[in-house]
Each structure stands twice: as structure tokens, then as C-alpha cells.
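J.: my_file_18.pdb is reproduced in full below (PDB, C-alpha atoms).
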ATOM      1  CA  MET G   8      41.858 -32.028   8.157
ATOM      2  CA  PRO G   9      38.538 -33.889   8.809
ATOM      3  CA  ARG G  10      38.411 -32.240  12.245
ATOM      4  CA  LEU G  11      38.769 -28.774  10.649
ATOM      5  CA  VAL G  12      35.986 -29.574   8.183
ATOM      6  CA  THR G  13      33.729 -30.671  11.035
ATOM      7  CA  ILE G  14      34.420 -27.479  12.979
ATOM      8  CA  SER G  15      33.783 -25.361   9.881
ATOM      9  CA  ARG G  16      30.466 -27.088   9.264
ATOM     10  CA  PHE G  17      29.505 -26.535  12.898
ATOM     11  CA  LEU G  18      30.309 -22.827  12.677
ATOM     12  CA  ILE G  19      28.327 -22.457   9.442
ATOM     13  CA  SER G  20      25.355 -24.268  10.958
ATOM     14  CA  ALA G  21      25.524 -22.093  14.061
ATOM     15  CA  ALA G  22      25.593 -18.982  11.894
ATOM     16  CA  PHE G  23      22.443 -20.094  10.057
ATOM     17  CA  VAL G  24      20.684 -20.811  13.352
ATOM     18  CA  LEU G  25      21.679 -17.384  14.682
ATOM     19  CA  CYS G  26      20.458 -15.656  11.503
ATOM     20  CA  GLY G  27      17.188 -17.539  11.739
ATOM     21  CA  ALA G  28      16.733 -16.471  15.341
ATOM     22  CA  VAL G  29      17.418 -12.838  14.468
ATOM     23  CA  GLY G  30      14.929 -12.998  11.589
ATOM     24  CA  ALA G  31      12.303 -14.593  13.811
ATOM     25  CA  SER G  32      12.755 -11.968  16.527
ATOM     26  CA  ALA G  33      12.218  -9.228  13.943
ATOM     27  CA  GLN G  34       8.728 -10.594  13.248
ATOM     28  CA  ASP G  35       5.764  -9.571  15.347
ATOM     29  CA  ARG G  36       4.719 -12.339  17.748
ATOM     30  CA  ARG G  37       1.214 -12.128  16.244
ATOM     31  CA  GLN G  38       2.573 -12.690  12.743
ATOM     32  CA  ASN G  39      -0.278 -13.414  10.314
ATOM     33  CA  ALA G  40      -2.965 -13.899  12.986
ATOM     34  CA  PRO G  41      -6.192 -12.495  11.443
ATOM     35  CA  GLY G  42      -7.413  -9.357  13.200
ATOM     36  CA  GLN G  43      -4.286  -9.037  15.341
ATOM     37  CA  PHE G  44      -2.596  -5.823  14.178
ATOM     38  CA  ASP G  45      -2.059  -2.231  15.287
ATOM     39  CA  PHE G  46      -3.274   0.086  12.527
ATOM     40  CA  TYR G  47      -4.113   0.417   8.836
ATOM     41  CA  VAL G  48      -2.323   2.067   5.936
ATOM     42  CA  LEU G  49      -4.582   3.470   3.231
ATOM     43  CA  SER G  50      -2.532   3.457   0.048
ATOM     44  CA  LEU G  51      -3.622   5.871  -2.693
ATOM     45  CA  SER G  52      -1.942   5.281  -6.051
ATOM     46  CA  TRP G  53      -1.447   8.110  -8.554
ATOM     47  CA  SER G  54      -3.052   6.320 -11.511
ATOM     48  CA  PRO G  55      -1.352   8.351 -14.293
ATOM     49  CA  SER G  56       2.068   7.259 -12.981
ATOM     50  CA  PHE G  57       0.989   3.620 -12.875
ATOM     51  CA  CYS G  58      -0.335   3.787 -16.430
ATOM     52  CA  GLU G  59       2.716   5.611 -17.792
ATOM     53  CA  ALA G  60       5.090   3.097 -16.192
ATOM     54  CA  ALA G  61       3.016   0.173 -17.467
ATOM     55  CA  SER G  62       3.118   1.617 -20.989
ATOM     56  CA  GLU G  63       6.897   1.985 -20.820
ATOM     57  CA  ARG G  64       7.173  -1.684 -19.826
ATOM     58  CA  GLY G  65       4.878  -2.716 -22.667
ATOM     59  CA  ASN G  66       2.330  -3.992 -20.171
ATOM     60  CA  ASN G  67      -0.976  -3.355 -21.914
ATOM     61  CA  GLY G  68      -2.876  -6.448 -20.814
ATOM     62  CA  ARG G  69      -6.476  -6.659 -19.676
ATOM     63  CA  GLY G  70      -5.613  -5.854 -16.055
ATOM     64  CA  THR G  71      -3.861  -2.653 -17.058
ATOM     65  CA  GLN G  72      -6.505  -1.664 -19.596
ATOM     66  CA  ALA G  73      -9.196  -1.744 -16.917
ATOM     67  CA  GLN G  74      -7.452   1.158 -15.196
ATOM     68  CA  CYS G  75      -5.647   2.837 -18.079
ATOM     69  CA  GLY G  76      -8.012   2.394 -21.000
ATOM     70  CA  GLY G  77     -10.532   5.191 -20.787
ATOM     71  CA  ARG G  78     -11.793   6.846 -17.617
ATOM     72  CA  PRO G  79      -9.539   9.698 -16.369
ATOM     73  CA  TYR G  80      -8.494   8.409 -12.940
ATOM     74  CA  SER G  81      -6.397  10.512 -10.552
ATOM     75  CA  PHE G  82      -5.780   8.933  -7.123
ATOM     76  CA  VAL G  83      -7.208   5.421  -6.844
ATOM     77  CA  VAL G  84      -7.159   3.050  -3.884
ATOM     78  CA  HIS G  85      -4.345   0.533  -3.971
ATOM     79  CA  GLY G  86      -5.361  -1.016  -0.676
ATOM     80  CA  LEU G  87      -6.082  -0.844   3.039
ATOM     81  CA  TRP G  88      -3.280  -2.722   4.760
ATOM     82  CA  PRO G  89      -3.188  -4.027   8.341
ATOM     83  CA  GLN G  90       0.157  -3.125   9.943
ATOM     84  CA  TYR G  91       2.174  -3.830  13.072
ATOM     85  CA  GLU G  92       4.233  -1.067  14.647
ATOM     86  CA  ARG G  93       7.102  -2.914  12.970
ATOM     87  CA  GLY G  94       6.310  -5.011   9.922
ATOM     88  CA  PHE G  95       2.980  -6.274   8.671
ATOM     89  CA  PRO G  96       0.943  -9.457   8.242
ATOM     90  CA  GLU G  97       0.017 -10.933   4.867
ATOM     91  CA  TYR G  98      -1.904 -13.903   3.457
ATOM     92  CA  CYS G  99      -3.406 -14.722   6.846
ATOM     93  CA  GLN G 100      -5.675 -17.453   5.491
ATOM     94  CA  ARG G 101      -4.437 -20.055   3.024
ATOM     95  CA  PRO G 102      -6.355 -20.718   0.938
ATOM     96  CA  SER G 103      -8.226 -17.457   1.372
ATOM     97  CA  PRO G 104     -12.041 -17.479   1.294
ATOM     98  CA  ARG G 105     -13.108 -16.837  -2.275
ATOM     99  CA  LEU G 106     -14.190 -13.231  -2.824
ATOM    100  CA  ALA G 107     -17.708 -12.919  -4.233
ATOM    101  CA  ARG G 108     -17.768 -11.411  -7.713
ATOM    102  CA  ASN G 109     -20.519  -8.925  -6.834
ATOM    103  CA  ILE G 110     -18.335  -7.487  -4.054
ATOM    104  CA  MET G 111     -15.445  -7.147  -6.507
ATOM    105  CA  THR G 112     -17.584  -5.295  -9.054
ATOM    106  CA  SER G 113     -18.956  -2.987  -6.343
ATOM    107  CA  MET G 114     -15.411  -1.689  -5.701
ATOM    108  CA  LEU G 115     -14.395  -0.860  -9.279
ATOM    109  CA  ASP G 116     -15.167   2.831  -8.819
ATOM    110  CA  LEU G 117     -12.382   3.082  -6.208
ATOM    111  CA  MET G 118     -10.084   0.249  -7.291
ATOM    112  CA  PRO G 119     -10.412   0.053 -11.094
ATOM    113  CA  ALA G 120      -8.782  -3.351 -11.670
ATOM    114  CA  PRO G 121     -10.466  -6.670 -10.820
ATOM    115  CA  GLY G 122      -7.149  -8.463 -10.328
ATOM    116  CA  LEU G 123      -6.040  -5.844  -7.799
ATOM    117  CA  ILE G 124      -9.247  -6.251  -5.775
ATOM    118  CA  TYR G 125      -8.910 -10.032  -5.598
ATOM    119  CA  ASN G 126      -5.238  -9.753  -4.648
ATOM    120  CA  GLU G 127      -5.897  -7.170  -1.939
ATOM    121  CA  TRP G 128      -8.468  -9.466  -0.339
ATOM    122  CA  ASP G 129      -6.141 -12.483  -0.424
ATOM    123  CA  LYS G 130      -3.044 -10.635   0.825
ATOM    124  CA  HIS G 131      -4.432  -7.972   3.168
ATOM    125  CA  GLY G 132      -8.170  -8.441   3.690
ATOM    126  CA  THR G 133      -7.698 -11.879   5.220
ATOM    127  CA  CYS G 134      -5.488 -10.256   7.883
ATOM    128  CA  SER G 135      -8.103  -7.688   8.895
ATOM    129  CA  GLY G 136     -10.239 -10.136  10.859
ATOM    130  CA  LEU G 137     -13.248  -8.854   8.907
ATOM    131  CA  GLY G 138     -15.493 -10.706   6.508
ATOM    132  CA  GLU G 139     -15.164  -9.849   2.841
ATOM    133  CA  ARG G 140     -18.070  -7.415   2.747
ATOM    134  CA  ALA G 141     -17.032  -5.671   5.958
ATOM    135  CA  TYR G 142     -13.429  -5.345   4.754
ATOM    136  CA  PHE G 143     -14.388  -3.626   1.519
ATOM    137  CA  GLU G 144     -16.857  -1.418   3.392
ATOM    138  CA  ALA G 145     -13.892  -0.403   5.574
ATOM    139  CA  ILE G 146     -11.928   0.488   2.430
ATOM    140  CA  ARG G 147     -14.798   2.675   1.257
ATOM    141  CA  LYS G 148     -15.063   4.380   4.660
ATOM    142  CA  ALA G 149     -11.293   4.925   4.817
ATOM    143  CA  ARG G 150     -11.277   6.487   1.360
ATOM    144  CA  ALA G 151     -14.220   8.720   2.295
ATOM    145  CA  ALA G 152     -12.276   9.901   5.365
ATOM    146  CA  VAL G 153      -9.514  11.342   3.171
ATOM    147  CA  LYS G 154     -10.085  14.419   1.020
ATOM    148  CA  ILE G 155      -7.951  14.663  -2.112
ATOM    149  CA  PRO G 156      -6.606  18.225  -2.528
ATOM    150  CA  GLU G 157      -8.545  20.016  -5.237
ATOM    151  CA  GLU G 158      -5.503  20.768  -7.394
ATOM    152  CA  PHE G 159      -4.862  17.070  -8.048
ATOM    153  CA  LEU G 160      -8.360  16.036  -9.113
ATOM    154  CA  GLN G 161      -8.206  17.526 -12.611
ATOM    155  CA  LEU G 162      -4.473  17.768 -13.261
ATOM    156  CA  THR G 163      -4.235  18.631 -16.959
ATOM    157  CA  GLU G 164      -0.492  19.258 -17.261
ATOM    158  CA  PRO G 165       2.542  17.354 -15.929
ATOM    159  CA  LYS G 166       3.440  18.655 -12.488
ATOM    160  CA  THR G 167       6.786  18.496 -10.690
ATOM    161  CA  ILE G 168       6.411  18.676  -6.948
ATOM    162  CA  ALA G 169       8.458  18.071  -3.802
ATOM    163  CA  PRO G 170       7.181  15.164  -1.677
ATOM    164  CA  ASP G 171       6.966  17.511   1.331
ATOM    165  CA  GLU G 172       4.815  19.897  -0.685
ATOM    166  CA  LEU G 173       2.487  17.057  -1.642
ATOM    167  CA  GLU G 174       2.178  15.988   1.988
ATOM    168  CA  THR G 175       1.448  19.576   3.029
ATOM    169  CA  ALA G 176      -1.376  19.820   0.485
ATOM    170  CA  PHE G 177      -3.013  16.690   1.953
ATOM    171  CA  ILE G 178      -2.530  17.958   5.519
ATOM    172  CA  LYS G 179      -4.210  21.277   4.658
ATOM    173  CA  ALA G 180      -7.137  19.466   3.051
ATOM    174  CA  ASN G 181      -7.595  17.037   5.965
ATOM    175  CA  PRO G 182      -7.938  18.514   9.480
ATOM    176  CA  GLY G 183      -6.318  16.214  12.018
ATOM    177  CA  LEU G 184      -3.826  14.734   9.561
ATOM    178  CA  SER G 185      -0.197  15.365  10.552
ATOM    179  CA  ASN G 186       3.087  14.887   8.728
ATOM    180  CA  SER G 187       3.815  11.862  10.954
ATOM    181  CA  ALA G 188       0.722  10.103   9.567
ATOM    182  CA  ILE G 189       1.419  10.460   5.844
ATOM    183  CA  SER G 190       4.204   9.456   3.496
ATOM    184  CA  VAL G 191       4.872   9.621  -0.241
ATOM    185  CA  THR G 192       6.460   6.870  -2.336
ATOM    186  CA  CYS G 193       8.027   7.220  -5.768
ATOM    187  CA  ASP G 194       9.862   5.338  -8.494
ATOM    188  CA  SER G 195      12.998   6.711 -10.148
ATOM    189  CA  LYS G 196      11.177   9.860 -11.242
ATOM    190  CA  ARG G 197       7.407   9.695 -10.699
ATOM    191  CA  LEU G 198       5.032   9.905  -7.769
ATOM    192  CA  SER G 199       3.815   6.397  -6.971
ATOM    193  CA  GLU G 200       1.573   6.589  -3.912
ATOM    194  CA  VAL G 201       0.407   8.622  -0.964
ATOM    195  CA  ARG G 202       0.094   6.450   2.146
ATOM    196  CA  ILE G 203      -2.000   7.543   5.104
ATOM    197  CA  CYS G 204      -2.014   5.806   8.475
ATOM    198  CA  LEU G 205      -5.324   5.183  10.194
ATOM    199  CA  SER G 206      -6.315   3.604  13.484
ATOM    200  CA  LYS G 207      -8.579   0.567  13.482
ATOM    201  CA  ASP G 208     -11.540   2.939  13.761
ATOM    202  CA  LEU G 209     -10.189   4.870  10.754
ATOM    203  CA  GLN G 210      -8.874   7.970  12.518
ATOM    204  CA  PHE G 211      -5.565   9.555  11.454
ATOM    205  CA  ARG G 212      -2.623   8.313  13.515
ATOM    206  CA  SER G 213       1.167   8.529  13.381
ATOM    207  CA  CYS G 214       3.314   5.735  11.921
ATOM    208  CA  GLU G 215       7.066   6.238  12.124
ATOM    209  CA  GLU G 216       8.060   3.095  10.234
ATOM    210  CA  ILE G 217       5.905   3.978   7.222
ATOM    211  CA  ASP G 218       7.449   7.443   7.143
ATOM    212  CA  ARG G 219      10.970   5.964   7.162
ATOM    213  CA  ARG G 220      10.217   4.149   3.898
ATOM    214  CA  ALA G 221       9.099   7.344   2.153
ATOM    215  CA  CYS G 222      10.432   8.798  -1.112
ATOM    216  CA  ARG G 223      13.761  10.583  -0.649
ATOM    217  CA  ARG G 224      13.807  12.436  -3.963
ATOM    218  CA  ASP G 225      13.763  16.239  -3.936
ATOM    219  CA  GLN G 226      11.129  16.361  -6.692
ATOM    220  CA  VAL G 227       8.721  13.881  -8.251
ATOM    221  CA  LEU G 228       6.769  14.048 -11.494
ATOM    222  CA  MET G 229       2.987  13.756 -11.533
ATOM    223  CA  PRO G 230       1.903  12.846 -15.091
ATOM    224  CA  PRO G 231      -1.427  14.478 -15.965
ATOM    225  CA  VAL G 232      -4.795  12.787 -15.580
ATOM    226  CA  ARG G 233      -5.692  10.887 -18.730
ATOM    227  CA  GLY G 234      -7.210  13.203 -21.292
ATOM    228  CA  GLY G 235      -5.382  16.188 -19.802
TER     229      GLY G 235
END
Taking this structure as input, can you express it in the form of C-alpha cells?
T.:
Amino acid sequence: MPRLVTISRFLISAAFVLCGAVGASAQDRRQNAPGQFDFYVLSLSWSPSFCEAASERGNNGRGTQAQCGGRPYSFVVHGLWPQYERGFPEYCQRPSPRLARNIMTSMLDLMPAPGLIYNEWDKHGTCSGLGERAYFEAIRKARAAVKIPEEFLQLTEPKTIAPDELETAFIKANPGLSNSAISVTCDSKRLSEVRICLSKDLQFRSCEEIDRRACRRDQVLMPPVRGG
């Protein structure tokens, strides 16, 4: 019996080692090395969906109020995320360099939540290889490179739309953008985000892995812009 126990423990240990090796091989060899990545994802969040979901959860704290309290936001920037062809880096400096408050406040027009801005710097900005000011300037340039389709800027009524239709509207509004460079995410019923892949010099580029994680619902709801 002791011999069987020993063999069983050996097999279990070997299984854990094998699983660890598989997990390690799935990571990029550059994992979490600042500046070492392949492309960016610009994530644009549909603010009315975020605010409606937060209200349903009873989350009406200061962080939520900054975005959901007054100004009628449509698409806002969630972040600009360094990516590998497979996987992504995160928290590339621990502790991260403290983000200057004046840089945070300068971004509130695009990212209307101070906590979000600080988190994006800690989790994603530190992986960009850029200093804090340069990283947030890159976010502003990336957002300026993408035109939001006119019909979504002043959405006054709830809209049900197919994810493919939403992608097509962005492609028509942005010459050079293809359906392999954009994806849509959703929750159980609402549009969550539009994600657009950009090269390091902020040109549209394809990204198969991002597209594989896209929303698979036939239709998604876009709640109206606040005040609509």
C-alpha cells in the first residue's frame, strides 16, 4: 500500500509539472517586459451600457458617478492595451511609477473616471515602454484616429443592433479599417465595447485573437445616451 501511495503522489506531481509547463509555453517569451509587444487594442466603451449595468448592480459610488452623473457620454475610452499576437502583458512595473494628478485630470474628457485612468496606467501603460505623459498622448492620438459613426453620437432612443452591423458602421466611417481589425463585446444583452486593433504607430491592423473573443449574440442593445 505505501508503494501505491508513493506512485500516486509521483503521478500527481508529474501532472502538476506538466500543466505548469503547458501554461508557461502558452505565455509570450517577452511576458511583461515593458515596450516588448506587437500591437495595441483601443477599447471604446459604450458608456450608457456601463451606467445601466452599474445601476442594476446598485453601484452608485463616486467612481461611477464621475461617468454616469451628468454629462451625456456615448463612446468613451476604456484603454489602450499593449498586446502580443497571443495573450497580453499587464502590470509590467511593480510598484508602478505614480501617475501625476495633472495628467489624470487632462484625460477626463476621454476617460471620465479618475480610478479608471490610474488603473489603466498601472495595468497597461507600464507595459507600453512609454513614460506617463507619452502614454496618455498615445491614447489621445489613437482616439483621434478613430471616427465614431454619426448615428451613435446622439443616440436618443434604445437601439437594437447586430454586432456585424455595428462593425460595418465603424468600417464605413474609417477608411482603412477592416473587419479583421475590429471586434464587438457584449454582456448578456447590451453592447459593452468596440475594440480596434492598431499598430505601434497607431495604424489599423488585423488581430485574429481579439476577433475570436468577440460577442456571439445575434443582437445587442444600445441604451440611449444619457438625457436621450
J.: Between G:Gln72, G:Ser195, G:Ser206, G:Gln226, which one has atoms that come closest to Pro121 (chain G), using all atoms listed in the file?
T.: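 When distances to Pro121 (chain G) are compared using all atoms listed in the file, the smallest one comes from G:Gln72.
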J.: Using the chain letters and numbers from this file, what does the PyMOL selection byres ((chain G and resi 166) around 12) select? Give the answer as a ChimeraX atom specification.
T.: /G:55-56,158-159,161-165,167-170,172-173,196-198,226-232,235
J.: Selected residues, C-alpha atoms, written as a PDB file, in the frame of the given file, please.
T.:
ATOM      1  CA  PRO G  55      -1.352   8.351 -14.293  1.00  0.00           C
ATOM      2  CA  SER G  56       2.068   7.259 -12.981  1.00  0.00           C
ATOM      3  CA  GLU G 158      -5.503  20.768  -7.394  1.00  0.00           C
ATOM      4  CA  PHE G 159      -4.862  17.070  -8.048  1.00  0.00           C
ATOM      5  CA  GLN G 161      -8.206  17.526 -12.611  1.00  0.00           C
ATOM      6  CA  LEU G 162      -4.473  17.768 -13.261  1.00  0.00           C
ATOM      7  CA  THR G 163      -4.235  18.631 -16.959  1.00  0.00           C
ATOM      8  CA  GLU G 164      -0.492  19.258 -17.261  1.00  0.00           C
ATOM      9  CA  PRO G 165       2.542  17.354 -15.929  1.00  0.00           C
ATOM     10  CA  THR G 167       6.786  18.496 -10.690  1.00  0.00           C
ATOM     11  CA  ILE G 168       6.411  18.676  -6.948  1.00  0.00           C
ATOM     12  CA  ALA G 169       8.458  18.071  -3.802  1.00  0.00           C
ATOM     13  CA  PRO G 170       7.181  15.164  -1.677  1.00  0.00           C
ATOM     14  CA  GLU G 172       4.815  19.897  -0.685  1.00  0.00           C
ATOM     15  CA  LEU G 173       2.487  17.057  -1.642  1.00  0.00           C
ATOM     16  CA  LYS G 196      11.177   9.860 -11.242  1.00  0.00           C
ATOM     17  CA  ARG G 197       7.407   9.695 -10.699  1.00  0.00           C
ATOM     18  CA  LEU G 198       5.032   9.905  -7.769  1.00  0.00           C
ATOM     19  CA  GLN G 226      11.129  16.361  -6.692  1.00  0.00           C
ATOM     20  CA  VAL G 227       8.721  13.881  -8.251  1.00  0.00           C
ATOM     21  CA  LEU G 228       6.769  14.048 -11.494  1.00  0.00           C
ATOM     22  CA  MET G 229       2.987  13.756 -11.533  1.00  0.00           C
ATOM     23  CA  PRO G 230       1.903  12.846 -15.091  1.00  0.00           C
ATOM     24  CA  PRO G 231      -1.427  14.478 -15.965  1.00  0.00           C
ATOM     25  CA  VAL G 232      -4.795  12.787 -15.580  1.00  0.00           C
ATOM     26  CA  GLY G 235      -5.382  16.188 -19.802  1.00  0.00           C
TER      27      GLY G 235
END
J.: I'd like to know which of G:Ala149, G:Leu123, G:Ala176, G:Ile189 is closest to Ser213 (chain G), using only C-alpha atoms.
T.: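 Ranking G:Ala149, G:Leu123, G:Ala176, G:Ile189 by distance to Ser213 (chain G), first place goes to G:Ile189.
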J.: Contacts of Asp218 (chain G) at 7 Å or less, counting only C-alpha atoms, minus same-chain residues fewer than 3 places along, as a list in words?
T.: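 So, after excluding close chain neighbours, the residues are Ser187, Ile189, Ser190, Cys214, Glu215 and Ala221 of chain G.
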J.: Please report the interatomic distance between CA of Ser52 (chain G) and CA of His85 (chain G) in Å with one decimal.
T.: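 Between CA of Ser52 (chain G) and CA of His85 (chain G) the gap works out to 5.7 Å.
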